[in-house]
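Dropping data_31.cif in here (mmCIF, N, CA, C and O atoms and all ligand atoms):
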data_query
loop_
_atom_site.label_atom_id
_atom_site.label_comp_id
_atom_site.auth_asym_id
_atom_site.auth_seq_id
_atom_site.Cartn_x
_atom_site.Cartn_y
_atom_site.Cartn_z
N MET M 1 -11.58 6.16 8.89
CA MET M 1 -10.58 6.78 9.76
C MET M 1 -10.92 6.55 11.23
O MET M 1 -12.09 6.39 11.58
N ALA M 2 -9.93 6.57 12.05
CA ALA M 2 -10.13 6.28 13.46
C ALA M 2 -11.03 7.31 14.13
O ALA M 2 -11.74 7.00 15.09
N ASP M 3 -11.00 8.55 13.64
CA ASP M 3 -11.82 9.59 14.28
C ASP M 3 -13.22 9.65 13.69
O ASP M 3 -14.00 10.52 14.01
N GLY M 4 -13.55 8.69 12.83
CA GLY M 4 -14.90 8.62 12.32
C GLY M 4 -15.11 9.32 11.00
O GLY M 4 -16.18 9.26 10.43
N THR M 5 -14.09 10.03 10.54
CA THR M 5 -14.21 10.71 9.26
C THR M 5 -14.28 9.70 8.13
O THR M 5 -13.55 8.73 8.11
N LYS M 6 -15.22 9.94 7.23
CA LYS M 6 -15.34 9.04 6.10
C LYS M 6 -15.09 9.81 4.81
O LYS M 6 -15.52 10.94 4.65
N TYR M 7 -14.41 9.17 3.91
CA TYR M 7 -14.20 9.76 2.60
C TYR M 7 -15.06 9.01 1.58
O TYR M 7 -15.09 7.79 1.57
N THR M 8 -15.73 9.79 0.78
CA THR M 8 -16.49 9.17 -0.28
C THR M 8 -15.94 9.64 -1.61
O THR M 8 -15.54 10.79 -1.75
N ALA M 9 -15.91 8.76 -2.55
CA ALA M 9 -15.36 9.11 -3.85
C ALA M 9 -16.26 8.61 -4.96
O ALA M 9 -16.66 7.46 -4.96
N LYS M 10 -16.59 9.50 -5.86
CA LYS M 10 -17.31 9.09 -7.05
C LYS M 10 -16.30 8.87 -8.17
O LYS M 10 -15.26 9.51 -8.18
N PRO M 11 -16.62 7.99 -9.06
CA PRO M 11 -15.71 7.78 -10.20
C PRO M 11 -15.40 9.08 -10.91
O PRO M 11 -16.29 9.85 -11.23
N GLY M 12 -14.15 9.33 -11.11
CA GLY M 12 -13.76 10.54 -11.82
C GLY M 12 -13.38 11.68 -10.90
O GLY M 12 -12.71 12.62 -11.30
N ASP M 13 -13.83 11.61 -9.66
CA ASP M 13 -13.44 12.65 -8.71
C ASP M 13 -12.16 12.27 -8.01
O ASP M 13 -11.86 11.10 -7.83
N HIS M 14 -11.42 13.27 -7.60
CA HIS M 14 -10.28 12.95 -6.75
C HIS M 14 -10.62 13.34 -5.33
O HIS M 14 -11.42 14.22 -5.08
N VAL M 15 -10.05 12.63 -4.41
CA VAL M 15 -10.42 12.78 -3.01
C VAL M 15 -9.43 13.68 -2.30
O VAL M 15 -8.22 13.54 -2.45
N ASN M 16 -9.99 14.63 -1.57
CA ASN M 16 -9.13 15.48 -0.77
C ASN M 16 -8.90 14.86 0.59
O ASN M 16 -9.81 14.70 1.38
N VAL M 17 -7.68 14.50 0.85
CA VAL M 17 -7.33 13.92 2.13
C VAL M 17 -6.45 14.91 2.87
O VAL M 17 -5.47 15.41 2.33
N SER M 18 -6.82 15.21 4.09
CA SER M 18 -6.03 16.15 4.86
C SER M 18 -4.65 15.57 5.15
O SER M 18 -4.45 14.37 5.13
N GLU M 19 -3.73 16.48 5.40
CA GLU M 19 -2.36 16.04 5.61
C GLU M 19 -2.26 15.12 6.82
O GLU M 19 -1.56 14.11 6.79
N ALA M 20 -2.99 15.45 7.86
CA ALA M 20 -2.95 14.62 9.06
C ALA M 20 -3.46 13.22 8.78
O ALA M 20 -2.90 12.23 9.22
N HIS M 21 -4.53 13.17 8.03
CA HIS M 21 -5.09 11.87 7.71
C HIS M 21 -4.17 11.09 6.80
O HIS M 21 -4.05 9.89 6.92
N ALA M 22 -3.53 11.79 5.89
CA ALA M 22 -2.60 11.13 4.98
C ALA M 22 -1.48 10.47 5.77
O ALA M 22 -1.06 9.36 5.49
N GLN M 23 -1.01 11.17 6.78
CA GLN M 23 0.06 10.61 7.60
C GLN M 23 -0.46 9.42 8.41
O GLN M 23 0.24 8.42 8.56
N THR M 24 -1.68 9.56 8.91
CA THR M 24 -2.27 8.45 9.65
C THR M 24 -2.39 7.22 8.77
O THR M 24 -2.09 6.10 9.19
N ILE M 25 -2.82 7.45 7.56
CA ILE M 25 -2.97 6.33 6.62
C ILE M 25 -1.62 5.68 6.37
O ILE M 25 -1.50 4.46 6.40
N GLN M 26 -0.61 6.50 6.15
CA GLN M 26 0.70 5.95 5.85
C GLN M 26 1.24 5.16 7.03
O GLN M 26 1.85 4.11 6.87
N LYS M 27 1.02 5.69 8.24
CA LYS M 27 1.58 5.04 9.42
C LYS M 27 0.87 3.74 9.76
O LYS M 27 1.49 2.75 10.12
N SER M 28 -0.44 3.76 9.67
CA SER M 28 -1.18 2.59 10.13
C SER M 28 -1.67 1.71 8.99
O SER M 28 -1.20 0.60 8.79
N TRP M 29 -2.57 2.27 8.22
CA TRP M 29 -3.32 1.47 7.27
C TRP M 29 -2.42 0.86 6.20
O TRP M 29 -2.39 -0.34 6.01
N TYR M 30 -1.68 1.70 5.53
CA TYR M 30 -0.80 1.20 4.48
C TYR M 30 0.20 0.21 5.03
O TYR M 30 0.38 -0.89 4.52
N GLY M 31 0.88 0.65 6.09
CA GLY M 31 1.96 -0.17 6.62
C GLY M 31 1.46 -1.51 7.11
O GLY M 31 2.10 -2.54 6.90
N LYS M 32 0.30 -1.50 7.77
CA LYS M 32 -0.22 -2.72 8.36
C LYS M 32 -0.69 -3.70 7.28
O LYS M 32 -0.36 -4.88 7.29
N SER M 33 -1.45 -3.17 6.33
CA SER M 33 -2.01 -4.05 5.31
C SER M 33 -1.00 -4.35 4.21
O SER M 33 -1.11 -5.36 3.53
N GLY M 34 -0.05 -3.45 4.06
CA GLY M 34 0.96 -3.69 3.04
C GLY M 34 0.47 -3.46 1.63
O GLY M 34 1.11 -3.88 0.68
N VAL M 35 -0.68 -2.76 1.51
CA VAL M 35 -1.23 -2.56 0.17
C VAL M 35 -0.35 -1.64 -0.68
O VAL M 35 -0.44 -1.66 -1.89
N MET M 36 0.48 -0.83 -0.03
CA MET M 36 1.30 0.08 -0.81
C MET M 36 2.62 -0.54 -1.26
O MET M 36 3.37 0.04 -1.98
N SER M 37 2.87 -1.72 -0.77
CA SER M 37 4.08 -2.38 -1.21
C SER M 37 3.78 -3.26 -2.42
O SER M 37 2.63 -3.53 -2.74
N GLY M 38 4.80 -3.70 -3.06
CA GLY M 38 4.61 -4.58 -4.20
C GLY M 38 4.11 -3.86 -5.44
O GLY M 38 3.59 -4.49 -6.35
N GLY M 39 4.27 -2.55 -5.46
CA GLY M 39 3.94 -1.80 -6.67
C GLY M 39 2.47 -1.48 -6.82
O GLY M 39 2.07 -0.92 -7.82
N GLN M 40 1.68 -1.82 -5.83
CA GLN M 40 0.26 -1.50 -5.95
C GLN M 40 0.01 -0.05 -5.58
O GLN M 40 0.71 0.53 -4.78
N ARG M 41 -1.00 0.53 -6.19
CA ARG M 41 -1.34 1.90 -5.88
C ARG M 41 -2.78 1.98 -5.41
O ARG M 41 -3.64 1.26 -5.89
N LEU M 42 -3.01 2.89 -4.48
CA LEU M 42 -4.37 3.12 -4.01
C LEU M 42 -5.16 3.83 -5.10
O LEU M 42 -4.69 4.77 -5.71
N SER M 43 -6.34 3.37 -5.35
CA SER M 43 -7.12 3.94 -6.43
C SER M 43 -8.53 4.25 -5.96
O SER M 43 -9.18 3.43 -5.33
N PHE M 44 -8.99 5.46 -6.25
CA PHE M 44 -10.35 5.83 -5.93
C PHE M 44 -11.16 5.84 -7.23
O PHE M 44 -11.26 6.85 -7.90
N GLY M 45 -11.68 4.70 -7.61
CA GLY M 45 -12.51 4.65 -8.79
C GLY M 45 -11.72 4.99 -10.04
O GLY M 45 -10.52 4.79 -10.12
N THR M 46 -12.43 5.53 -11.01
CA THR M 46 -11.82 5.83 -12.29
C THR M 46 -11.16 7.19 -12.27
O THR M 46 -11.79 8.19 -11.95
N ARG M 47 -9.91 7.22 -12.56
CA ARG M 47 -9.22 8.50 -12.67
C ARG M 47 -8.74 8.70 -14.10
O ARG M 47 -7.94 7.94 -14.60
N LYS M 48 -9.25 9.75 -14.72
CA LYS M 48 -8.86 10.04 -16.08
C LYS M 48 -7.74 11.06 -16.09
O LYS M 48 -7.63 11.90 -15.21
N GLY M 49 -6.92 10.97 -17.06
CA GLY M 49 -5.83 11.91 -17.21
C GLY M 49 -6.17 12.99 -18.23
O GLY M 49 -7.20 12.95 -18.88
N ARG M 50 -5.29 13.97 -18.31
CA ARG M 50 -5.44 15.05 -19.29
C ARG M 50 -4.24 14.99 -20.23
O ARG M 50 -3.11 14.92 -19.80
N TYR M 51 -4.53 15.08 -21.50
CA TYR M 51 -3.49 14.87 -22.49
C TYR M 51 -3.19 16.16 -23.24
O TYR M 51 -4.09 16.88 -23.65
N CYS M 52 -1.90 16.46 -23.38
CA CYS M 52 -1.48 17.61 -24.17
C CYS M 52 -0.98 17.10 -25.51
O CYS M 52 0.02 16.38 -25.57
N GLU M 53 -1.68 17.49 -26.57
CA GLU M 53 -1.30 16.99 -27.89
C GLU M 53 0.06 17.53 -28.36
O GLU M 53 0.88 16.77 -28.87
N PRO M 54 0.33 18.84 -28.25
CA PRO M 54 1.64 19.34 -28.70
C PRO M 54 2.81 18.66 -27.99
O PRO M 54 3.84 18.40 -28.59
N CYS M 55 2.65 18.41 -26.71
CA CYS M 55 3.74 17.79 -25.94
C CYS M 55 3.65 16.26 -25.99
O CYS M 55 4.59 15.58 -25.59
N ARG M 56 2.52 15.74 -26.46
CA ARG M 56 2.29 14.29 -26.47
C ARG M 56 2.56 13.71 -25.10
O ARG M 56 3.30 12.75 -24.91
N ARG M 57 1.92 14.32 -24.13
CA ARG M 57 2.21 13.95 -22.76
C ARG M 57 0.93 13.90 -21.95
O ARG M 57 0.07 14.75 -22.11
N LEU M 58 0.83 12.90 -21.10
CA LEU M 58 -0.36 12.75 -20.26
C LEU M 58 -0.08 13.35 -18.89
O LEU M 58 0.91 13.03 -18.24
N TRP M 59 -0.99 14.25 -18.48
CA TRP M 59 -0.84 14.90 -17.19
C TRP M 59 -1.89 14.39 -16.22
O TRP M 59 -2.69 13.53 -16.56
N ASN M 60 -1.90 14.98 -15.05
CA ASN M 60 -2.87 14.57 -14.04
C ASN M 60 -4.27 15.07 -14.40
O ASN M 60 -4.42 16.00 -15.18
N ALA M 61 -5.26 14.45 -13.80
CA ALA M 61 -6.66 14.73 -14.12
C ALA M 61 -7.03 16.19 -13.87
O ALA M 61 -7.91 16.73 -14.50
N TRP M 62 -6.31 16.82 -12.95
CA TRP M 62 -6.67 18.20 -12.59
C TRP M 62 -5.89 19.22 -13.42
O TRP M 62 -6.04 20.41 -13.25
N ASN M 63 -5.05 18.79 -14.31
CA ASN M 63 -4.30 19.72 -15.15
C ASN M 63 -5.10 20.07 -16.40
O ASN M 63 -4.98 19.46 -17.45
N ASP M 64 -5.97 21.09 -16.26
CA ASP M 64 -6.75 21.52 -17.41
C ASP M 64 -5.88 22.18 -18.46
O ASP M 64 -6.21 22.23 -19.62
N THR M 65 -4.75 22.73 -18.01
CA THR M 65 -3.79 23.27 -18.95
C THR M 65 -2.46 22.57 -18.76
O THR M 65 -2.15 22.09 -17.67
N CYS M 66 -1.68 22.51 -19.80
CA CYS M 66 -0.42 21.80 -19.77
C CYS M 66 0.61 22.57 -18.93
O CYS M 66 0.87 23.73 -19.21
N PRO M 67 1.16 21.92 -17.91
CA PRO M 67 2.17 22.58 -17.07
C PRO M 67 3.42 22.95 -17.85
O PRO M 67 4.17 23.83 -17.46
N ARG M 68 3.64 22.29 -18.95
CA ARG M 68 4.86 22.54 -19.72
C ARG M 68 4.69 23.68 -20.72
O ARG M 68 5.45 24.62 -20.72
N CYS M 69 3.66 23.60 -21.57
CA CYS M 69 3.51 24.60 -22.63
C CYS M 69 2.35 25.55 -22.36
O CYS M 69 2.21 26.56 -23.04
N GLY M 70 1.52 25.25 -21.37
CA GLY M 70 0.42 26.15 -21.04
C GLY M 70 -0.78 25.98 -21.93
O GLY M 70 -1.77 26.68 -21.79
N GLY M 71 -0.69 25.05 -22.86
CA GLY M 71 -1.80 24.82 -23.77
C GLY M 71 -2.93 24.07 -23.09
O GLY M 71 -2.77 23.51 -22.02
N GLU M 72 -4.07 24.06 -23.75
CA GLU M 72 -5.22 23.38 -23.19
C GLU M 72 -5.07 21.88 -23.37
O GLU M 72 -4.69 21.41 -24.44
N THR M 73 -5.36 21.14 -22.32
CA THR M 73 -5.29 19.68 -22.40
C THR M 73 -6.66 19.12 -22.73
O THR M 73 -7.67 19.77 -22.49
N ILE M 74 -6.68 17.91 -23.24
CA ILE M 74 -7.95 17.27 -23.57
C ILE M 74 -8.11 16.01 -22.73
O ILE M 74 -7.13 15.47 -22.21
N ASP M 75 -9.36 15.59 -22.63
CA ASP M 75 -9.65 14.38 -21.87
C ASP M 75 -8.91 13.19 -22.47
O ASP M 75 -8.81 13.04 -23.67
N GLU M 76 -8.37 12.38 -21.58
CA GLU M 76 -7.61 11.21 -22.03
C GLU M 76 -8.43 10.35 -23.00
O GLU M 76 -7.90 9.79 -23.95
N ASN M 77 -9.71 10.26 -22.71
CA ASN M 77 -10.58 9.42 -23.53
C ASN M 77 -10.82 10.00 -24.93
O ASN M 77 -11.30 9.33 -25.82
N GLU M 78 -10.50 11.29 -25.08
CA GLU M 78 -10.73 11.93 -26.37
C GLU M 78 -9.51 11.85 -27.27
O GLU M 78 -9.52 12.29 -28.41
N VAL M 79 -8.45 11.29 -26.73
CA VAL M 79 -7.24 11.14 -27.53
C VAL M 79 -7.47 10.10 -28.62
O VAL M 79 -7.89 8.98 -28.33
N SER M 80 -7.21 10.49 -29.83
CA SER M 80 -7.37 9.56 -30.94
C SER M 80 -6.00 9.21 -31.52
O SER M 80 -5.13 10.05 -31.61
N GLY M 81 -5.91 7.99 -31.92
CA GLY M 81 -4.64 7.57 -32.52
C GLY M 81 -3.62 7.39 -31.47
O GLY M 81 -2.47 7.58 -31.68
ZN ZN Z 1 1.97 20.93 -23.58
#
Will you turn the file into structure tokens for me?
Ligand SMILES: [Zn+2]
Amino acid sequence: MADGTKYTAKPGDHVNVSEAHAQTIQKSWYGKSGVMSGGQRLSFGTRKGRYCEPCRRLWNAWNDTCPRCGGETIDENEVSG
């Protein structure tokens, strides 16, 4: 970041980016490099999802419970079949 702030990300963690920084990124970095165009997505290492078996639906990594049915989700990697 221009103000010297650095973000570090370990695989599996999600990064907290402040709203101001997010806007800065969108205005300068993304737009200039064009990495957000062409269907590419910014990725911080490995991001695992959470799976709800009753709903058969994959949620975000931070959804420990299913937003739809409220049931407990399981690690994406633990999904069998
Ligand atoms: Zn569910």
Can you write out as a tab-separated table which residues of chain M fall within 6 Å of ligand ZN 1 (chain Z), alongside each residue's closest atom pair and its distance in Å to one decimal, counting only N, CA, C and O atoms and all ligand atoms and ordering rows by chain and ascending residue number?
residue	atom	partner	partner_atom	distance
M:Cys52	CA	Z:ZN1	ZN	4.8
M:Glu53	N	Z:ZN1	ZN	5.8
M:Pro54	C	Z:ZN1	ZN	5.0
M:Cys55	N	Z:ZN1	ZN	4.1
M:Arg56	N	Z:ZN1	ZN	6.0
M:Cys66	CA	Z:ZN1	ZN	4.6
M:Pro67	N	Z:ZN1	ZN	5.8
M:Arg68	C	Z:ZN1	ZN	4.8
M:Cys69	N	Z:ZN1	ZN	3.7
M:Gly70	N	Z:ZN1	ZN	4.9
M:Gly71	N	Z:ZN1	ZN	5.0
Residue selection dump (N, CA, C and O atoms) as an mmCIF file, in the frame of the given file:
data_model
loop_
_atom_site.group_PDB
_atom_site.id
_atom_site.type_symbol
_atom_site.label_atom_id
_atom_site.label_comp_id
_atom_site.auth_asym_id
_atom_site.auth_seq_id
_atom_site.Cartn_x
_atom_site.Cartn_y
_atom_site.Cartn_z
ATOM 1 N N CYS M 52 -1.900 16.460 -23.380
ATOM 2 C CA CYS M 52 -1.480 17.610 -24.170
ATOM 3 C C CYS M 52 -0.980 17.100 -25.510
ATOM 4 O O CYS M 52 0.020 16.380 -25.570
ATOM 5 N N GLU M 53 -1.680 17.490 -26.570
ATOM 6 C CA GLU M 53 -1.300 16.990 -27.890
ATOM 7 C C GLU M 53 0.060 17.530 -28.360
ATOM 8 O O GLU M 53 0.880 16.770 -28.870
ATOM 9 N N PRO M 54 0.330 18.840 -28.250
ATOM 10 C CA PRO M 54 1.640 19.340 -28.700
ATOM 11 C C PRO M 54 2.810 18.660 -27.990
ATOM 12 O O PRO M 54 3.840 18.400 -28.590
ATOM 13 N N CYS M 55 2.650 18.410 -26.710
ATOM 14 C CA CYS M 55 3.740 17.790 -25.940
ATOM 15 C C CYS M 55 3.650 16.260 -25.990
ATOM 16 O O CYS M 55 4.590 15.580 -25.590
ATOM 17 N N ARG M 56 2.520 15.740 -26.460
ATOM 18 C CA ARG M 56 2.290 14.290 -26.470
ATOM 19 C C ARG M 56 2.560 13.710 -25.100
ATOM 20 O O ARG M 56 3.300 12.750 -24.910
ATOM 21 N N CYS M 66 -1.680 22.510 -19.800
ATOM 22 C CA CYS M 66 -0.420 21.800 -19.770
ATOM 23 C C CYS M 66 0.610 22.570 -18.930
ATOM 24 O O CYS M 66 0.870 23.730 -19.210
ATOM 25 N N PRO M 67 1.160 21.920 -17.910
ATOM 26 C CA PRO M 67 2.170 22.580 -17.070
ATOM 27 C C PRO M 67 3.420 22.950 -17.850
ATOM 28 O O PRO M 67 4.170 23.830 -17.460
ATOM 29 N N ARG M 68 3.640 22.290 -18.950
ATOM 30 C CA ARG M 68 4.860 22.540 -19.720
ATOM 31 C C ARG M 68 4.690 23.680 -20.720
ATOM 32 O O ARG M 68 5.450 24.620 -20.720
ATOM 33 N N CYS M 69 3.660 23.600 -21.570
ATOM 34 C CA CYS M 69 3.510 24.600 -22.630
ATOM 35 C C CYS M 69 2.350 25.550 -22.360
ATOM 36 O O CYS M 69 2.210 26.560 -23.040
ATOM 37 N N GLY M 70 1.520 25.250 -21.370
ATOM 38 C CA GLY M 70 0.420 26.150 -21.040
ATOM 39 C C GLY M 70 -0.780 25.980 -21.930
ATOM 40 O O GLY M 70 -1.770 26.680 -21.790
ATOM 41 N N GLY M 71 -0.690 25.050 -22.860
ATOM 42 C CA GLY M 71 -1.800 24.820 -23.770
ATOM 43 C C GLY M 71 -2.930 24.070 -23.090
ATOM 44 O O GLY M 71 -2.770 23.510 -22.020
#
Of the residues M:Gln23, M:Lys6, M:Lys48, M:Glu76, which is the one nearest to Trp62 of chain M, using all atoms listed in the file?
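Ranked by minimum distance to Trp62 of chain M, first place goes to M:Lys48.
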Take atom CA of Ser80 of chain M and atom N of Arg50 of chain M and report the distance between them in Å, one decimal.
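So the two atoms, atom CA of Ser80 of chain M and atom N of Arg50 of chain M, lie 13.5 Å apart.
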I need the residue nearest Thr5 of chain M from this list: M:Trp59, M:Asp64, M:Asp75, M:His21. Use only C-alpha atoms for the distance.
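Using only C-alpha atoms, Thr5 of chain M sits closest to M:His21.
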What is the distance between atom CA of Ala22 of chain M and atom CA of Asn60 of chain M, in Å to one decimal?
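Going from atom CA of Ala22 of chain M over to atom CA of Asn60 of chain M, I get 19.3 Å.
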